[in-house]
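Heads up, upload26.pdb below (PDB, C-alpha atoms, pLDDT in the B column):
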ATOM      1  CA  MET A   1      -2.322 -14.307 -26.484  1.00 69.00           C
ATOM      2  CA  ARG A   2       1.223 -13.809 -27.734  1.00 78.00           C
ATOM      3  CA  LEU A   3       3.205 -10.741 -26.715  1.00 76.00           C
ATOM      4  CA  ALA A   4       3.437  -9.727 -30.372  1.00 77.00           C
ATOM      5  CA  ASP A   5      -0.376  -9.613 -30.568  1.00 80.00           C
ATOM      6  CA  LEU A   6      -0.669  -6.956 -27.862  1.00 85.00           C
ATOM      7  CA  SER A   7      -1.873  -3.584 -29.099  1.00 86.00           C
ATOM      8  CA  GLY A   8      -3.167  -0.365 -27.644  1.00 83.00           C
ATOM      9  CA  ALA A   9      -6.707  -1.275 -28.714  1.00 84.00           C
ATOM     10  CA  ARG A  10      -6.581  -4.686 -27.023  1.00 85.00           C
ATOM     11  CA  ILE A  11      -5.150  -3.223 -23.845  1.00 86.00           C
ATOM     12  CA  ASN A  12      -7.869  -0.551 -23.819  1.00 83.00           C
ATOM     13  CA  ALA A  13     -10.437  -3.350 -24.176  1.00 84.00           C
ATOM     14  CA  LEU A  14      -8.872  -5.005 -21.119  1.00 84.00           C
ATOM     15  CA  TYR A  15      -9.206  -1.758 -19.167  1.00 82.00           C
ATOM     16  CA  ALA A  16     -12.862  -1.490 -20.180  1.00 83.00           C
ATOM     17  CA  THR A  17     -13.493  -5.039 -18.947  1.00 83.00           C
ATOM     18  CA  LEU A  18     -11.734  -4.331 -15.653  1.00 82.00           C
ATOM     19  CA  ALA A  19     -13.832  -1.191 -15.209  1.00 80.00           C
ATOM     20  CA  GLU A  20     -17.031  -3.150 -15.786  1.00 78.00           C
ATOM     21  CA  LYS A  21     -16.392  -6.405 -13.906  1.00 75.00           C
ATOM     22  CA  GLY A  22     -12.773  -6.542 -12.836  1.00 62.00           C
ATOM     23  CA  ALA A  23     -13.373  -7.360  -9.172  1.00 65.00           C
ATOM     24  CA  ARG A  24     -12.683 -10.900  -8.079  1.00 63.00           C
ATOM     25  CA  ASP A  25     -16.409 -11.643  -7.700  1.00 61.00           C
ATOM     26  CA  GLY A  26     -17.054 -10.345 -11.234  1.00 61.00           C
ATOM     27  CA  LYS A  27     -20.007  -8.287  -9.986  1.00 59.00           C
ATOM     28  CA  LYS A  28     -18.365  -4.880  -9.973  1.00 69.00           C
ATOM     29  CA  GLY A  29     -15.561  -3.072 -11.679  1.00 75.00           C
ATOM     30  CA  LEU A  30     -12.207  -1.745 -10.542  1.00 77.00           C
ATOM     31  CA  SER A  31     -11.702   1.932  -9.823  1.00 73.00           C
ATOM     32  CA  PRO A  32      -9.851   4.150 -12.334  1.00 74.00           C
ATOM     33  CA  LEU A  33      -6.984   4.478  -9.847  1.00 68.00           C
ATOM     34  CA  THR A  34      -6.611   0.695  -9.560  1.00 77.00           C
ATOM     35  CA  ILE A  35      -6.707   0.301 -13.347  1.00 80.00           C
ATOM     36  CA  ARG A  36      -3.954   2.906 -13.613  1.00 75.00           C
ATOM     37  CA  HIS A  37      -1.848   0.778 -11.264  1.00 74.00           C
ATOM     38  CA  VAL A  38      -2.506  -2.231 -13.544  1.00 83.00           C
ATOM     39  CA  HIS A  39      -1.405  -0.031 -16.447  1.00 81.00           C
ATOM     40  CA  SER A  40       1.851   0.811 -14.641  1.00 79.00           C
ATOM     41  CA  VAL A  41       2.645  -2.836 -13.905  1.00 83.00           C
ATOM     42  CA  LEU A  42       1.841  -3.868 -17.478  1.00 85.00           C
ATOM     43  CA  HIS A  43       3.970  -1.025 -18.848  1.00 84.00           C
ATOM     44  CA  ARG A  44       6.975  -2.101 -16.766  1.00 84.00           C
ATOM     45  CA  ALA A  45       6.531  -5.736 -17.865  1.00 86.00           C
ATOM     46  CA  CYS A  46       6.434  -4.763 -21.538  1.00 88.00           C
ATOM     47  CA  ASN A  47       9.457  -2.512 -21.081  1.00 86.00           C
ATOM     48  CA  ASP A  48      11.302  -5.582 -19.840  1.00 86.00           C
ATOM     49  CA  ALA A  49      10.102  -7.520 -22.885  1.00 87.00           C
ATOM     50  CA  VAL A  50      11.521  -4.790 -25.151  1.00 88.00           C
ATOM     51  CA  ARG A  51      14.801  -4.845 -23.234  1.00 88.00           C
ATOM     52  CA  TRP A  52      15.021  -8.638 -23.628  1.00 90.00           C
ATOM     53  CA  GLY A  53      14.235  -8.503 -27.354  1.00 88.00           C
ATOM     54  CA  ARG A  54      10.775 -10.088 -27.068  1.00 86.00           C
ATOM     55  CA  LEU A  55       9.090  -6.915 -28.364  1.00 87.00           C
ATOM     56  CA  THR A  56      10.288  -4.148 -30.667  1.00 88.00           C
ATOM     57  CA  ARG A  57       8.166  -1.497 -28.926  1.00 88.00           C
ATOM     58  CA  ASN A  58       5.998  -1.163 -25.839  1.00 90.00           C
ATOM     59  CA  PRO A  59       2.325  -1.558 -26.881  1.00 88.00           C
ATOM     60  CA  VAL A  60       1.164  -0.077 -23.573  1.00 87.00           C
ATOM     61  CA  ASP A  61       2.382   3.323 -24.813  1.00 88.00           C
ATOM     62  CA  ALA A  62      -0.565   3.263 -27.224  1.00 86.00           C
ATOM     63  CA  ALA A  63      -3.123   2.469 -24.513  1.00 84.00           C
ATOM     64  CA  ASP A  64      -5.234   5.009 -22.641  1.00 81.00           C
ATOM     65  CA  PRO A  65      -5.790   4.180 -18.959  1.00 78.00           C
ATOM     66  CA  PRO A  66      -8.727   5.971 -17.305  1.00 75.00           C
ATOM     67  CA  LYS A  67      -8.048   9.167 -15.429  1.00 66.00           C
ATOM     68  CA  ALA A  68      -8.102   8.725 -11.682  1.00 53.00           C
ATOM     69  CA  ARG A  69     -10.940  10.479  -9.905  1.00 50.00           C
ATOM     70  CA  ILE A  70      -9.735  13.155  -7.520  1.00 41.00           C
ATOM     71  CA  ARG A  71     -11.024  12.429  -4.050  1.00 45.00           C
ATOM     72  CA  ALA A  72     -12.746  15.104  -2.028  1.00 41.00           C
ATOM     73  CA  GLU A  73     -10.446  16.756   0.473  1.00 40.00           C
ATOM     74  CA  MET A  74     -10.102  14.609   3.545  1.00 45.00           C
ATOM     75  CA  LYS A  75     -11.208  15.987   6.878  1.00 57.00           C
ATOM     76  CA  THR A  76      -8.427  16.896   9.246  1.00 76.00           C
ATOM     77  CA  TRP A  77      -8.465  16.470  13.007  1.00 86.00           C
ATOM     78  CA  SER A  78      -7.332  18.894  15.626  1.00 86.00           C
ATOM     79  CA  ALA A  79      -4.424  17.946  17.871  1.00 85.00           C
ATOM     80  CA  GLU A  80      -6.941  17.105  20.595  1.00 90.00           C
ATOM     81  CA  GLN A  81      -8.944  14.837  18.287  1.00 92.00           C
ATOM     82  CA  LEU A  82      -5.819  13.081  17.076  1.00 91.00           C
ATOM     83  CA  GLY A  83      -4.701  12.545  20.661  1.00 90.00           C
ATOM     84  CA  ALA A  84      -8.140  11.184  21.546  1.00 93.00           C
ATOM     85  CA  PHE A  85      -8.014   8.752  18.625  1.00 93.00           C
ATOM     86  CA  LEU A  86      -4.546   7.439  19.507  1.00 93.00           C
ATOM     87  CA  ALA A  87      -5.599   7.045  23.130  1.00 94.00           C
ATOM     88  CA  SER A  88      -8.679   5.074  22.098  1.00 95.00           C
ATOM     89  CA  VAL A  89      -6.668   2.628  19.953  1.00 95.00           C
ATOM     90  CA  ARG A  90      -3.762   2.251  22.386  1.00 95.00           C
ATOM     91  CA  ASP A  91      -4.521  -1.468  22.854  1.00 94.00           C
ATOM     92  CA  ASP A  92      -5.335  -2.081  19.195  1.00 96.00           C
ATOM     93  CA  ARG A  93      -3.076  -4.606  17.454  1.00 96.00           C
ATOM     94  CA  LEU A  94      -2.543  -2.014  14.694  1.00 97.00           C
ATOM     95  CA  TYR A  95      -1.705   0.810  17.102  1.00 97.00           C
ATOM     96  CA  GLY A  96       1.820   1.018  15.695  1.00 97.00           C
ATOM     97  CA  LEU A  97       0.417   1.588  12.213  1.00 96.00           C
ATOM     98  CA  TRP A  98      -2.039   4.263  13.377  1.00 96.00           C
ATOM     99  CA  HIS A  99       0.716   6.030  15.315  1.00 95.00           C
ATOM    100  CA  VAL A 100       3.202   5.980  12.433  1.00 95.00           C
ATOM    101  CA  LEU A 101       0.584   7.253   9.985  1.00 93.00           C
ATOM    102  CA  ALA A 102      -0.313  10.070  12.354  1.00 91.00           C
ATOM    103  CA  MET A 103       3.210  11.135  13.251  1.00 92.00           C
ATOM    104  CA  THR A 104       5.129  10.725   9.978  1.00 90.00           C
ATOM    105  CA  GLY A 105       2.638  11.889   7.356  1.00 88.00           C
ATOM    106  CA  MET A 106       3.185   8.696   5.378  1.00 91.00           C
ATOM    107  CA  ARG A 107       0.419   7.595   3.060  1.00 91.00           C
ATOM    108  CA  ARG A 108      -1.485   4.405   3.776  1.00 93.00           C
ATOM    109  CA  GLY A 109       0.239   2.375   1.053  1.00 93.00           C
ATOM    110  CA  GLU A 110       3.670   3.714   2.012  1.00 94.00           C
ATOM    111  CA  ALA A 111       3.274   2.623   5.633  1.00 96.00           C
ATOM    112  CA  LEU A 112       2.004  -0.801   4.568  1.00 96.00           C
ATOM    113  CA  GLY A 113       4.957  -1.184   2.200  1.00 96.00           C
ATOM    114  CA  LEU A 114       7.484  -0.283   4.894  1.00 97.00           C
ATOM    115  CA  ARG A 115      10.042  -3.036   5.536  1.00 98.00           C
ATOM    116  CA  TRP A 116      12.291  -3.446   8.538  1.00 98.00           C
ATOM    117  CA  GLU A 117      15.264  -2.893   6.250  1.00 97.00           C
ATOM    118  CA  ASP A 118      13.876   0.623   5.657  1.00 97.00           C
ATOM    119  CA  VAL A 119      13.834   1.413   9.394  1.00 97.00           C
ATOM    120  CA  ASP A 120      16.998   2.598  11.139  1.00 96.00           C
ATOM    121  CA  LEU A 121      16.179   2.408  14.834  1.00 95.00           C
ATOM    122  CA  ALA A 122      19.746   3.263  15.846  1.00 94.00           C
ATOM    123  CA  ASN A 123      19.711   6.570  13.977  1.00 93.00           C
ATOM    124  CA  ALA A 124      15.976   7.282  14.380  1.00 94.00           C
ATOM    125  CA  HIS A 125      14.829   7.536  10.795  1.00 94.00           C
ATOM    126  CA  LEU A 126      13.049   5.505   8.131  1.00 96.00           C
ATOM    127  CA  SER A 127      13.127   5.526   4.340  1.00 95.00           C
ATOM    128  CA  VAL A 128      10.078   5.507   2.061  1.00 94.00           C
ATOM    129  CA  ARG A 129      10.940   3.257  -0.868  1.00 93.00           C
ATOM    130  CA  ARG A 130       7.696   1.570  -1.938  1.00 93.00           C
ATOM    131  CA  ALA A 131       3.961   1.395  -1.416  1.00 92.00           C
ATOM    132  CA  LEU A 132       1.382  -1.389  -1.396  1.00 92.00           C
ATOM    133  CA  ILE A 133      -1.394  -0.705  -3.877  1.00 89.00           C
ATOM    134  CA  PRO A 134      -4.735  -2.582  -3.934  1.00 87.00           C
ATOM    135  CA  CYS A 135      -5.722  -4.381  -7.125  1.00 81.00           C
ATOM    136  CA  ALA A 136      -9.050  -6.083  -6.402  1.00 76.00           C
ATOM    137  CA  ARG A 137      -8.175  -8.445  -3.536  1.00 79.00           C
ATOM    138  CA  GLU A 138      -4.529  -8.649  -4.537  1.00 85.00           C
ATOM    139  CA  VAL A 139      -1.745  -6.252  -3.550  1.00 87.00           C
ATOM    140  CA  ILE A 140       0.766  -4.685  -5.940  1.00 87.00           C
ATOM    141  CA  VAL A 141       4.125  -3.277  -4.851  1.00 89.00           C
ATOM    142  CA  SER A 142       4.694   0.154  -6.393  1.00 87.00           C
ATOM    143  CA  GLU A 143       7.943   2.093  -6.263  1.00 83.00           C
ATOM    144  CA  PRO A 144       7.960   5.922  -6.160  1.00 75.00           C
ATOM    145  CA  LYS A 145       8.474   7.477  -9.572  1.00 67.00           C
ATOM    146  CA  THR A 146      10.036  10.687  -8.287  1.00 69.00           C
ATOM    147  CA  ALA A 147      12.717  11.725  -5.825  1.00 66.00           C
ATOM    148  CA  ARG A 148       9.975  13.423  -3.824  1.00 68.00           C
ATOM    149  CA  GLY A 149       8.270  10.073  -3.361  1.00 74.00           C
ATOM    150  CA  ARG A 150      11.523   8.455  -2.184  1.00 84.00           C
ATOM    151  CA  ARG A 151      12.360  10.222   1.035  1.00 89.00           C
ATOM    152  CA  ALA A 152      13.770   9.832   4.538  1.00 92.00           C
ATOM    153  CA  ILE A 153      11.677  10.653   7.591  1.00 93.00           C
ATOM    154  CA  ALA A 154      13.146  11.485  11.000  1.00 93.00           C
ATOM    155  CA  LEU A 155      11.516   9.710  13.937  1.00 91.00           C
ATOM    156  CA  ASP A 156      10.656  11.385  17.213  1.00 92.00           C
ATOM    157  CA  ALA A 157      11.410   9.554  20.454  1.00 92.00           C
ATOM    158  CA  GLU A 158       7.855   8.335  20.982  1.00 93.00           C
ATOM    159  CA  THR A 159       7.502   6.974  17.440  1.00 94.00           C
ATOM    160  CA  LEU A 160      10.862   5.267  17.828  1.00 95.00           C
ATOM    161  CA  GLU A 161       9.597   3.477  20.945  1.00 96.00           C
ATOM    162  CA  VAL A 162       6.370   2.528  19.181  1.00 96.00           C
ATOM    163  CA  LEU A 163       8.366   0.910  16.369  1.00 98.00           C
ATOM    164  CA  LYS A 164      10.519  -0.966  18.862  1.00 97.00           C
ATOM    165  CA  GLY A 165       7.321  -2.236  20.447  1.00 97.00           C
ATOM    166  CA  GLN A 166       6.031  -3.245  17.021  1.00 98.00           C
ATOM    167  CA  ALA A 167       9.215  -5.241  16.416  1.00 97.00           C
ATOM    168  CA  ALA A 168       8.775  -7.048  19.731  1.00 97.00           C
ATOM    169  CA  ARG A 169       5.108  -7.786  18.985  1.00 97.00           C
ATOM    170  CA  GLN A 170       6.004  -9.187  15.587  1.00 97.00           C
ATOM    171  CA  LEU A 171       8.684 -11.453  17.059  1.00 97.00           C
ATOM    172  CA  THR A 172       6.084 -12.839  19.471  1.00 97.00           C
ATOM    173  CA  GLU A 173       3.617 -13.498  16.658  1.00 97.00           C
ATOM    174  CA  GLN A 174       6.356 -15.081  14.562  1.00 97.00           C
ATOM    175  CA  ALA A 175       7.146 -17.485  17.408  1.00 97.00           C
ATOM    176  CA  GLU A 176       3.465 -18.335  17.809  1.00 97.00           C
ATOM    177  CA  TRP A 177       3.009 -19.092  14.100  1.00 97.00           C
ATOM    178  CA  ASP A 178       6.325 -20.952  13.912  1.00 96.00           C
ATOM    179  CA  GLU A 179       6.774 -22.583  10.483  1.00 95.00           C
ATOM    180  CA  ALA A 180       3.466 -21.152   9.234  1.00 97.00           C
ATOM    181  CA  TRP A 181       4.840 -17.607   9.572  1.00 96.00           C
ATOM    182  CA  ILE A 182       5.081 -15.765   6.232  1.00 97.00           C
ATOM    183  CA  ASP A 183       8.290 -13.751   6.199  1.00 96.00           C
ATOM    184  CA  THR A 184       7.510 -10.675   4.092  1.00 96.00           C
ATOM    185  CA  GLY A 185       9.915  -8.392   5.937  1.00 97.00           C
ATOM    186  CA  LEU A 186       7.091  -5.869   6.339  1.00 98.00           C
ATOM    187  CA  VAL A 187       6.738  -3.814   9.500  1.00 98.00           C
ATOM    188  CA  PHE A 188       2.936  -3.939   9.635  1.00 98.00           C
ATOM    189  CA  THR A 189       1.345  -7.274   8.755  1.00 97.00           C
ATOM    190  CA  LYS A 190      -1.418  -9.702   9.551  1.00 97.00           C
ATOM    191  CA  GLU A 191      -0.855 -11.988  12.538  1.00 97.00           C
ATOM    192  CA  ASN A 192       0.811 -14.576  10.270  1.00 97.00           C
ATOM    193  CA  GLY A 193       3.203 -12.086   8.654  1.00 97.00           C
ATOM    194  CA  GLU A 194       1.212 -11.700   5.458  1.00 96.00           C
ATOM    195  CA  ALA A 195       0.814  -8.242   3.920  1.00 96.00           C
ATOM    196  CA  LEU A 196      -2.196  -6.216   5.013  1.00 96.00           C
ATOM    197  CA  HIS A 197      -4.590  -5.254   2.234  1.00 94.00           C
ATOM    198  CA  PRO A 198      -4.886  -1.438   2.044  1.00 92.00           C
ATOM    199  CA  GLU A 199      -8.673  -1.512   1.727  1.00 92.00           C
ATOM    200  CA  ASP A 200      -8.941  -3.717   4.809  1.00 94.00           C
ATOM    201  CA  VAL A 201      -6.836  -1.193   6.710  1.00 94.00           C
ATOM    202  CA  THR A 202      -9.192   1.597   5.638  1.00 93.00           C
ATOM    203  CA  ARG A 203     -12.124  -0.466   6.909  1.00 93.00           C
ATOM    204  CA  TYR A 204     -10.370  -1.109  10.242  1.00 94.00           C
ATOM    205  CA  PHE A 205      -9.635   2.605  10.519  1.00 94.00           C
ATOM    206  CA  ARG A 206     -13.264   3.600   9.968  1.00 93.00           C
ATOM    207  CA  ILE A 207     -14.364   1.147  12.655  1.00 94.00           C
ATOM    208  CA  ALA A 208     -11.781   2.586  15.063  1.00 94.00           C
ATOM    209  CA  VAL A 209     -12.927   6.130  14.304  1.00 93.00           C
ATOM    210  CA  ARG A 210     -16.537   5.223  15.039  1.00 93.00           C
ATOM    211  CA  LYS A 211     -15.538   3.602  18.323  1.00 93.00           C
ATOM    212  CA  ALA A 212     -13.623   6.743  19.255  1.00 92.00           C
ATOM    213  CA  MET A 213     -16.751   8.776  18.373  1.00 93.00           C
ATOM    214  CA  LEU A 214     -14.789  11.102  16.124  1.00 91.00           C
ATOM    215  CA  PRO A 215     -15.915  12.761  12.867  1.00 88.00           C
TER     216      PRO A 215
END

Would you put the structure from the file into structure tokens?
Amino acid sequence: MRLADLSGARINALYATLAEKGARDGKKGLSPLTIRHVHSVLHRACNDAVRWGRLTRNPVDAADPPKARIRAEMKTWSAEQLGAFLASVRDDRLYGLWHVLAMTGMRRGEALGLRWEDVDLANAHLSVRRALIPCAREVIVSEPKTARGRRAIALDAETLEVLKGQAARQLTEQAEWDEAWIDTGLVFTKENGEALHPEDVTRYFRIAVRKAMLP
């Protein structure tokens, strides 16, 4: 399909297809939140096409992405429960991720999108500049749309040491993978340097919670 043939109706039809059978296996659809992320990426791409003179207007403006379902309020842990969880995952390869999530208040996608260039170990702070968003089994990089989303976070001494340990661990893994290492620049990755999928991280977290026998 040519860019000029894009219309709000055709884009809405795409969203309907994604909602019905958009997953990679074709057996289930994508969530409204994921489709809204697709909408955002498509909107930015068409904005570029307008800027480059390929389109006279952005057809995505005429499309209607589904409203994201509001999740039920997440349960919160007491300080004792949080301490028990961190103690139980102390030897977990993703301990650095669990610790940073717990101590900084970063969202899952923000922590997974964190790059080493965003971390200032010398001055003990990090900057939130992007997030990794799941789109079926792929991952989309999303940048904060507001100043509130782009923020600096001060690091306490313990979190600083955890991040230094994460850097050392990653250097070891990089040496082990040698030329097969995928240099994404991300702080938290798979063993080969590839980006972690947010939904996989949620699954790992649930397993860790069960092992820690926490609610």

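Using all atoms listed in the file for every distance, the candidate list A:Arg151, A:Glu194, A:Ala168, A:Pro134 yields A:Glu194 as the residue closest to A:Ala180.
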
Edge lengths and centre in Å to one decimal, as JSON, of the axis-aligned box that encloses all listed atoms of stretch 182-197 of chain A with 5 Å added on every side?
{"center_x": 2.7, "center_y": -9.8, "center_z": 7.4, "size_x": 24.5, "size_y": 22.0, "size_z": 20.3}

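The gap separating atom CA of A:Thr184 from atom CA of A:Glu158 is 25.4 Å, in Å to one decimal.
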
Residue with smallest distance to A:Asp92 - pool A:Asp178, A:Arg169, A:Thr56, A:Met213, counting only C-alpha atoms: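 Checking each candidate against A:Asp92, we get A:Arg169 as the closest.
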
Residue members of the PyMOL selection byres ((chain A and resi 166) around 9) in the file shown, as a list in words: Leu94, Tyr95, Gly96, Leu97, Glu161, Val162, Leu163, Lys164, Gly165, Ala167, Ala168, Arg169, Gln170, Leu171, Val187 and Phe188 of chain A

Gap from atom CA of A:Val50 to atom CA of A:Ser7 - Å, one decimal: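 A separation of 14.0 Å between them.
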
Residue nearest A:Glu143 among A:Trp177, A:Val41, A:Ala84, A:Asp91 (counting only C-alpha atoms):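 Selected residue with least distance to A:Glu143: A:Val41.
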